[in-house]
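Below is one structure; the comments refer to it alone.
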Amino acid sequence: MSTDWSVPSPAVRELFRRGAEIALDPRADWVTELHDAALSGPGMRPVADDPVLADGARRANLANLLHWAATNVQRPGERVPVQLGPEVLDGARDLVRRGLDHRGLDAYRTAQAVAWRRWMAICFQLTADTAELRELLDVSARSITTFIDDTVAAVSARMAAERAELTRGAHAERRATVSLLLEGAPLTRARAEAQLGYELTGPHTAVIVWRTAGEAGPDQLEAAAEATMRASGAARRLTVVAGAAALWVWLPVGRAPDVAAVTAGLAGSPDVRVAVGRPGADVDGFRRSHLDAATTQQMLARLTSPQQVARYADVQLVALLTSDPVRVEEFLTDTLGGLAAADADTRDTVLAYVRELGNASRTAARLFTHRNTVLRRLARADTLLPRPLAEDAVAVAAALEVLRWRGART
């Protein structure tokens, strides 16, 4: 790193420090814009569509922004050293393991453009003196550009080392074979089975185990995979390390594991999530079940769902309905009206009533309550719905399912 770095004037250093203090506590809409830009573009689609990779990109972007700002609060206008913390390194490793490292580096450049635009807005608020503003913007442009260049160079070097490590050993061979199978490449079954140590003939149920933004480590992910295997009744499993925060698992069984049993096995690991695909047979089933699990994973992430375990068979409709976030909000508003904000007992009663095909007695038994209580809740729901329940029962039930799966909205 070159030491030829001229420091701005004392007045501009103070302006830089004040601006960095603002950037150190960024507004939520700034952070959202930064993340959206980093994950935008057709080249970033594989990253944006994967909840683990997308979360890693967001964590790295925010960590870099806060590091740059914190350094300039302490030493305004000086060259900012690269900081390859766990947020940056974990994301880089995951991208390499998925063969997407070159795309991940693009996120730094797109995020840089947004950060520069927001920083300029801050600078224009700090001073009306033309000379000071010119010097401040000149130093800022050099500081941001150099920091991103240095960071990209350092991350690229670490990615190259990670890539070299991944080209050796059984884990690398297993990942490569699974990728070929998922892509539908012309790989013979015998060769694939030999490389995986797993039979592709017969039933398969795919599972994705991953962590959210919490601190769950590899041991907890492995424990979750083991709990899922036990809940399915399988005696063995194929496990592929998909990244620092995710495992891809295949179970040689023709039925999905019980949700309650898997959830019980996750006790003490609130940041771990499990998505289960539909059982399938042979190579096509191996591939399709994994794609089902990936769709389920994406849905849970999209809805910020508090549910730890989900099976594709249970969420297929919700996954389809929520694929367009803007349209789903319109659907919920148009279909539920005031019922969307009603108490959980009322919403649960309406959903149970539809599931019981309009039978109030069976609904009461299902909810362990009195039939008259069910009727009162249904009457209240009709006052909140845009249309009577009897005229729109299927759509109302679908909308309530979306609410059941998604996390709380602020």
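Order determines the names: the first chain of the structure tokens is A, the second B, and so forth; residues in each chain are numbered 1 upward, and ligands are numbered 1 upward as they are shown.
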Report as a list of chain:residue names all protein, DNA and RNA residues lying within 8 Å of His35 of chain A, evaluated on only C-alpha atoms, omitting residues in the same chain fewer than 3 positions from it. A:Val31, A:Thr32, A:Ala38, A:Leu39, A:Ala57, A:Arg58, A:Asn61, A:Ala111
Spatial neighbours of segment 215-231 of chain A, 10 Å, only C-alpha atoms, chain gap at least 3 places, as a ChimeraX atom specification: /A:205,207-212,234-237,239,241,243-253,256-274,276,309
What parts of segment 62-294 of chain A does DSSP call alpha helix (DSSP H)? I'd like the answer as a PyMOL selection string. chain A and resi 62-74+86-97+101-126+130-166+170-183+189-196+218-232+259-265+282-294
With a cut-off of 7 Å, could you pull out the residues of segment 61-95 of chain A touching segment 139-152 of chain A and give me the nearest pair of atoms for each, distance in Å to one decimal, using only C-alpha atoms, ordered by chain and ascending number, as a tab-separated table?
```
residue	atom	partner	partner_atom	distance
A:Gly77	CA	A:Val139	CA	6.7
A:Arg79	CA	A:Ser143	CA	6.3
A:Val80	CA	A:Phe147	CA	6.0
A:Val82	CA	A:Thr151	CA	5.6
```
Could you tell me how far atom CA of Pro46 of chain A lies from atom CA of Ala242 of chain A, in Å and to one decimal?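 A separation of 13.7 Å between them.
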In terms of only C-alpha atoms, the residue from A:Gly277, A:Pro26, A:Gly285, A:Gly184 at minimal distance from Pro203 of chain A is A:Gly285
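Of the listed residues A:Gln112, A:Leu367, A:Val394, A:Ala342, the one whose atoms come nearest to Arg380 of chain A is A:Ala342, with distances taken using only C-alpha atoms.
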Do a neighbour search on Arg376 of chain A at 12 Å with only C-alpha atoms, toss out local chain neighbours closer than 3 positions, and write the hits as a ChimeraX atom specification. /A:345-346,349-350,360,364,369-373,379-383
Got time to write the residues from that selection, N, CA, C and O atoms, as a PDB file, in the first residue's frame?
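What follows is the written file out_22.pdb:
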```
ATOM      1  N   ASP A 345     -56.735 -14.744  17.081  1.00  0.00           N
ATOM      2  CA  ASP A 345     -57.814 -15.716  17.300  1.00  0.00           C
ATOM      3  C   ASP A 345     -58.861 -15.642  16.196  1.00  0.00           C
ATOM      4  O   ASP A 345     -59.337 -16.676  15.702  1.00  0.00           O
ATOM      5  N   THR A 346     -59.205 -14.421  15.799  1.00  0.00           N
ATOM      6  CA  THR A 346     -60.205 -14.263  14.740  1.00  0.00           C
ATOM      7  C   THR A 346     -59.678 -14.794  13.409  1.00  0.00           C
ATOM      8  O   THR A 346     -60.368 -15.528  12.697  1.00  0.00           O
ATOM      9  N   THR A 349     -59.471 -18.578  13.437  1.00  0.00           N
ATOM     10  CA  THR A 349     -60.804 -19.195  13.368  1.00  0.00           C
ATOM     11  C   THR A 349     -61.315 -19.216  11.938  1.00  0.00           C
ATOM     12  O   THR A 349     -61.871 -20.224  11.472  1.00  0.00           O
ATOM     13  N   VAL A 350     -61.127 -18.124  11.219  1.00  0.00           N
ATOM     14  CA  VAL A 350     -61.575 -18.064   9.826  1.00  0.00           C
ATOM     15  C   VAL A 350     -60.831 -19.113   8.999  1.00  0.00           C
ATOM     16  O   VAL A 350     -61.432 -19.853   8.206  1.00  0.00           O
ATOM     17  N   ALA A 360     -68.977 -25.335  11.542  1.00  0.00           N
ATOM     18  CA  ALA A 360     -68.626 -24.620  12.774  1.00  0.00           C
ATOM     19  C   ALA A 360     -68.314 -25.577  13.918  1.00  0.00           C
ATOM     20  O   ALA A 360     -67.434 -25.300  14.745  1.00  0.00           O
ATOM     21  N   ALA A 364     -64.822 -25.689  15.933  1.00  0.00           N
ATOM     22  CA  ALA A 364     -64.717 -25.524  17.387  1.00  0.00           C
ATOM     23  C   ALA A 364     -63.881 -26.642  17.993  1.00  0.00           C
ATOM     24  O   ALA A 364     -63.031 -26.406  18.868  1.00  0.00           O
ATOM     25  N   THR A 369     -62.416 -24.908  21.355  1.00  0.00           N
ATOM     26  CA  THR A 369     -63.225 -23.813  21.871  1.00  0.00           C
ATOM     27  C   THR A 369     -64.696 -24.140  21.664  1.00  0.00           C
ATOM     28  O   THR A 369     -65.047 -25.199  21.128  1.00  0.00           O
ATOM     29  N   HIS A 370     -65.573 -23.233  22.070  1.00  0.00           N
ATOM     30  CA  HIS A 370     -67.022 -23.470  21.966  1.00  0.00           C
ATOM     31  C   HIS A 370     -67.525 -23.046  20.599  1.00  0.00           C
ATOM     32  O   HIS A 370     -66.999 -22.108  19.987  1.00  0.00           O
ATOM     33  N   ARG A 371     -68.556 -23.727  20.124  1.00  0.00           N
ATOM     34  CA  ARG A 371     -69.119 -23.406  18.810  1.00  0.00           C
ATOM     35  C   ARG A 371     -69.612 -21.960  18.756  1.00  0.00           C
ATOM     36  O   ARG A 371     -69.451 -21.272  17.736  1.00  0.00           O
ATOM     37  N   ASN A 372     -70.218 -21.472  19.840  1.00  0.00           N
ATOM     38  CA  ASN A 372     -70.710 -20.084  19.841  1.00  0.00           C
ATOM     39  C   ASN A 372     -69.557 -19.083  19.712  1.00  0.00           C
ATOM     40  O   ASN A 372     -69.711 -18.022  19.109  1.00  0.00           O
ATOM     41  N   THR A 373     -68.404 -19.440  20.283  1.00  0.00           N
ATOM     42  CA  THR A 373     -67.228 -18.568  20.143  1.00  0.00           C
ATOM     43  C   THR A 373     -66.798 -18.496  18.686  1.00  0.00           C
ATOM     44  O   THR A 373     -66.450 -17.423  18.173  1.00  0.00           O
ATOM     45  N   ALA A 379     -68.653 -13.890  12.691  1.00  0.00           N
ATOM     46  CA  ALA A 379     -69.486 -12.710  12.470  1.00  0.00           C
ATOM     47  C   ALA A 379     -68.636 -11.443  12.474  1.00  0.00           C
ATOM     48  O   ALA A 379     -68.837 -10.534  11.658  1.00  0.00           O
ATOM     49  N   ARG A 380     -67.660 -11.389  13.392  1.00  0.00           N
ATOM     50  CA  ARG A 380     -66.763 -10.227  13.430  1.00  0.00           C
ATOM     51  C   ARG A 380     -65.921 -10.164  12.154  1.00  0.00           C
ATOM     52  O   ARG A 380     -65.700  -9.079  11.596  1.00  0.00           O
ATOM     53  N   ALA A 381     -65.442 -11.307  11.694  1.00  0.00           N
ATOM     54  CA  ALA A 381     -64.636 -11.330  10.473  1.00  0.00           C
ATOM     55  C   ALA A 381     -65.421 -10.796   9.294  1.00  0.00           C
ATOM     56  O   ALA A 381     -64.886 -10.053   8.455  1.00  0.00           O
ATOM     57  N   ASP A 382     -66.704 -11.135   9.211  1.00  0.00           N
ATOM     58  CA  ASP A 382     -67.528 -10.653   8.097  1.00  0.00           C
ATOM     59  C   ASP A 382     -67.667  -9.133   8.101  1.00  0.00           C
ATOM     60  O   ASP A 382     -67.822  -8.516   7.051  1.00  0.00           O
ATOM     61  N   THR A 383     -67.603  -8.522   9.278  1.00  0.00           N
ATOM     62  CA  THR A 383     -67.672  -7.056   9.337  1.00  0.00           C
ATOM     63  C   THR A 383     -66.371  -6.411   8.891  1.00  0.00           C
ATOM     64  O   THR A 383     -66.344  -5.229   8.529  1.00  0.00           O
TER      65      THR A 383
END
```
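On the backbone of this structure, DSSP gives strand (DSSP E or B) within segment 42-211 of chain A to Pro203, His204, Thr205, Ala206, Val207, Ile208, Val209, Trp210 and Arg211 of chain A.
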Write the residues you've just listed into a file as a CSV table (one decimal), in the first residue's frame, and include all heavy atoms for each of them.
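Listed below is the output, selection10.csv:
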```csv
chain,number,residue,atom,x,y,z
A,203,PRO,N,-35.7,-43.3,-3.9
A,203,PRO,CA,-36.3,-42.1,-3.4
A,203,PRO,C,-35.3,-41.1,-2.9
A,203,PRO,O,-34.2,-41.5,-2.4
A,203,PRO,CB,-37.2,-42.6,-2.3
A,203,PRO,CG,-36.6,-43.8,-1.8
A,203,PRO,CD,-35.9,-44.5,-3.0
A,204,HIS,N,-35.6,-39.8,-2.9
A,204,HIS,CA,-34.8,-38.8,-2.3
A,204,HIS,C,-35.7,-37.7,-1.8
A,204,HIS,O,-36.7,-37.3,-2.4
A,204,HIS,CB,-33.9,-38.1,-3.4
A,204,HIS,CG,-33.1,-39.0,-4.2
A,204,HIS,ND1,-32.0,-39.7,-3.8
A,204,HIS,CD2,-33.3,-39.5,-5.5
A,204,HIS,CE1,-31.5,-40.5,-4.7
A,204,HIS,NE2,-32.3,-40.3,-5.8
A,205,THR,N,-35.3,-37.2,-0.6
A,205,THR,CA,-35.9,-36.0,-0.1
A,205,THR,C,-34.8,-35.0,0.2
A,205,THR,O,-33.9,-35.3,1.0
A,205,THR,CB,-36.7,-36.3,1.2
A,205,THR,OG1,-37.8,-37.2,0.9
A,205,THR,CG2,-37.3,-35.0,1.8
A,206,ALA,N,-34.9,-33.8,-0.4
A,206,ALA,CA,-33.8,-32.8,-0.3
A,206,ALA,C,-34.1,-31.8,0.8
A,206,ALA,O,-35.3,-31.5,1.1
A,206,ALA,CB,-33.6,-32.1,-1.6
A,207,VAL,N,-33.1,-31.4,1.5
A,207,VAL,CA,-33.2,-30.5,2.6
A,207,VAL,C,-32.2,-29.4,2.5
A,207,VAL,O,-31.0,-29.7,2.1
A,207,VAL,CB,-33.1,-31.2,4.0
A,207,VAL,CG1,-33.2,-30.2,5.2
A,207,VAL,CG2,-34.1,-32.3,4.1
A,208,ILE,N,-32.5,-28.2,2.8
A,208,ILE,CA,-31.5,-27.1,2.9
A,208,ILE,C,-31.5,-26.6,4.4
A,208,ILE,O,-32.6,-26.3,4.9
A,208,ILE,CB,-31.8,-25.9,2.0
A,208,ILE,CG1,-31.7,-26.4,0.5
A,208,ILE,CG2,-30.8,-24.8,2.2
A,208,ILE,CD1,-32.0,-25.3,-0.5
A,209,VAL,N,-30.4,-26.6,5.0
A,209,VAL,CA,-30.2,-26.1,6.4
A,209,VAL,C,-29.3,-24.9,6.3
A,209,VAL,O,-28.3,-24.9,5.7
A,209,VAL,CB,-29.6,-27.2,7.2
A,209,VAL,CG1,-29.4,-26.7,8.7
A,209,VAL,CG2,-30.4,-28.5,7.2
A,210,TRP,N,-29.8,-23.8,6.9
A,210,TRP,CA,-29.0,-22.6,6.9
A,210,TRP,C,-29.2,-21.8,8.1
A,210,TRP,O,-30.2,-22.0,8.9
A,210,TRP,CB,-29.3,-21.8,5.6
A,210,TRP,CG,-30.6,-21.0,5.6
A,210,TRP,CD1,-30.7,-19.6,5.8
A,210,TRP,CD2,-31.9,-21.5,5.4
A,210,TRP,NE1,-32.0,-19.3,5.7
A,210,TRP,CE2,-32.8,-20.4,5.5
A,210,TRP,CE3,-32.4,-22.7,5.1
A,210,TRP,CZ2,-34.2,-20.5,5.3
A,210,TRP,CZ3,-33.8,-22.9,5.0
A,210,TRP,CH2,-34.7,-21.8,5.1
A,211,ARG,N,-28.4,-20.8,8.3
A,211,ARG,CA,-28.5,-19.9,9.4
A,211,ARG,C,-29.0,-18.5,8.9
A,211,ARG,O,-28.7,-18.1,7.7
A,211,ARG,CB,-27.3,-19.7,10.2
A,211,ARG,CG,-26.2,-18.9,9.5
A,211,ARG,CD,-25.0,-18.5,10.4
A,211,ARG,NE,-24.1,-17.6,9.7
A,211,ARG,CZ,-22.8,-17.7,9.7
A,211,ARG,NH1,-22.3,-18.7,10.3
A,211,ARG,NH2,-22.1,-16.8,9.1
```
Kindly indicate which residue among A:Thr188, A:Gln74, A:Gln195, A:Thr333 lies nearest to Glu173 of chain A, using only C-alpha atoms for the distances.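 So, comparing all the options, the nearest one is A:Gln195.
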List as a ChimeraX atom specification the protein and nucleic acid residues near Val402 of chain A, meaning an atom at most 9 Å away when only C-alpha atoms are counted, but skip any in the same chain fewer than 4 places from it. /A:303,315,317-319,321-322,328,332,397-398,406
Quick check, in Å to one decimal: how far apart do atom CA of Val96 of chain A and atom CA of Pro51 of chain A lie?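 Atom CA of Pro51 of chain A lies 15.9 Å from atom CA of Val96 of chain A.
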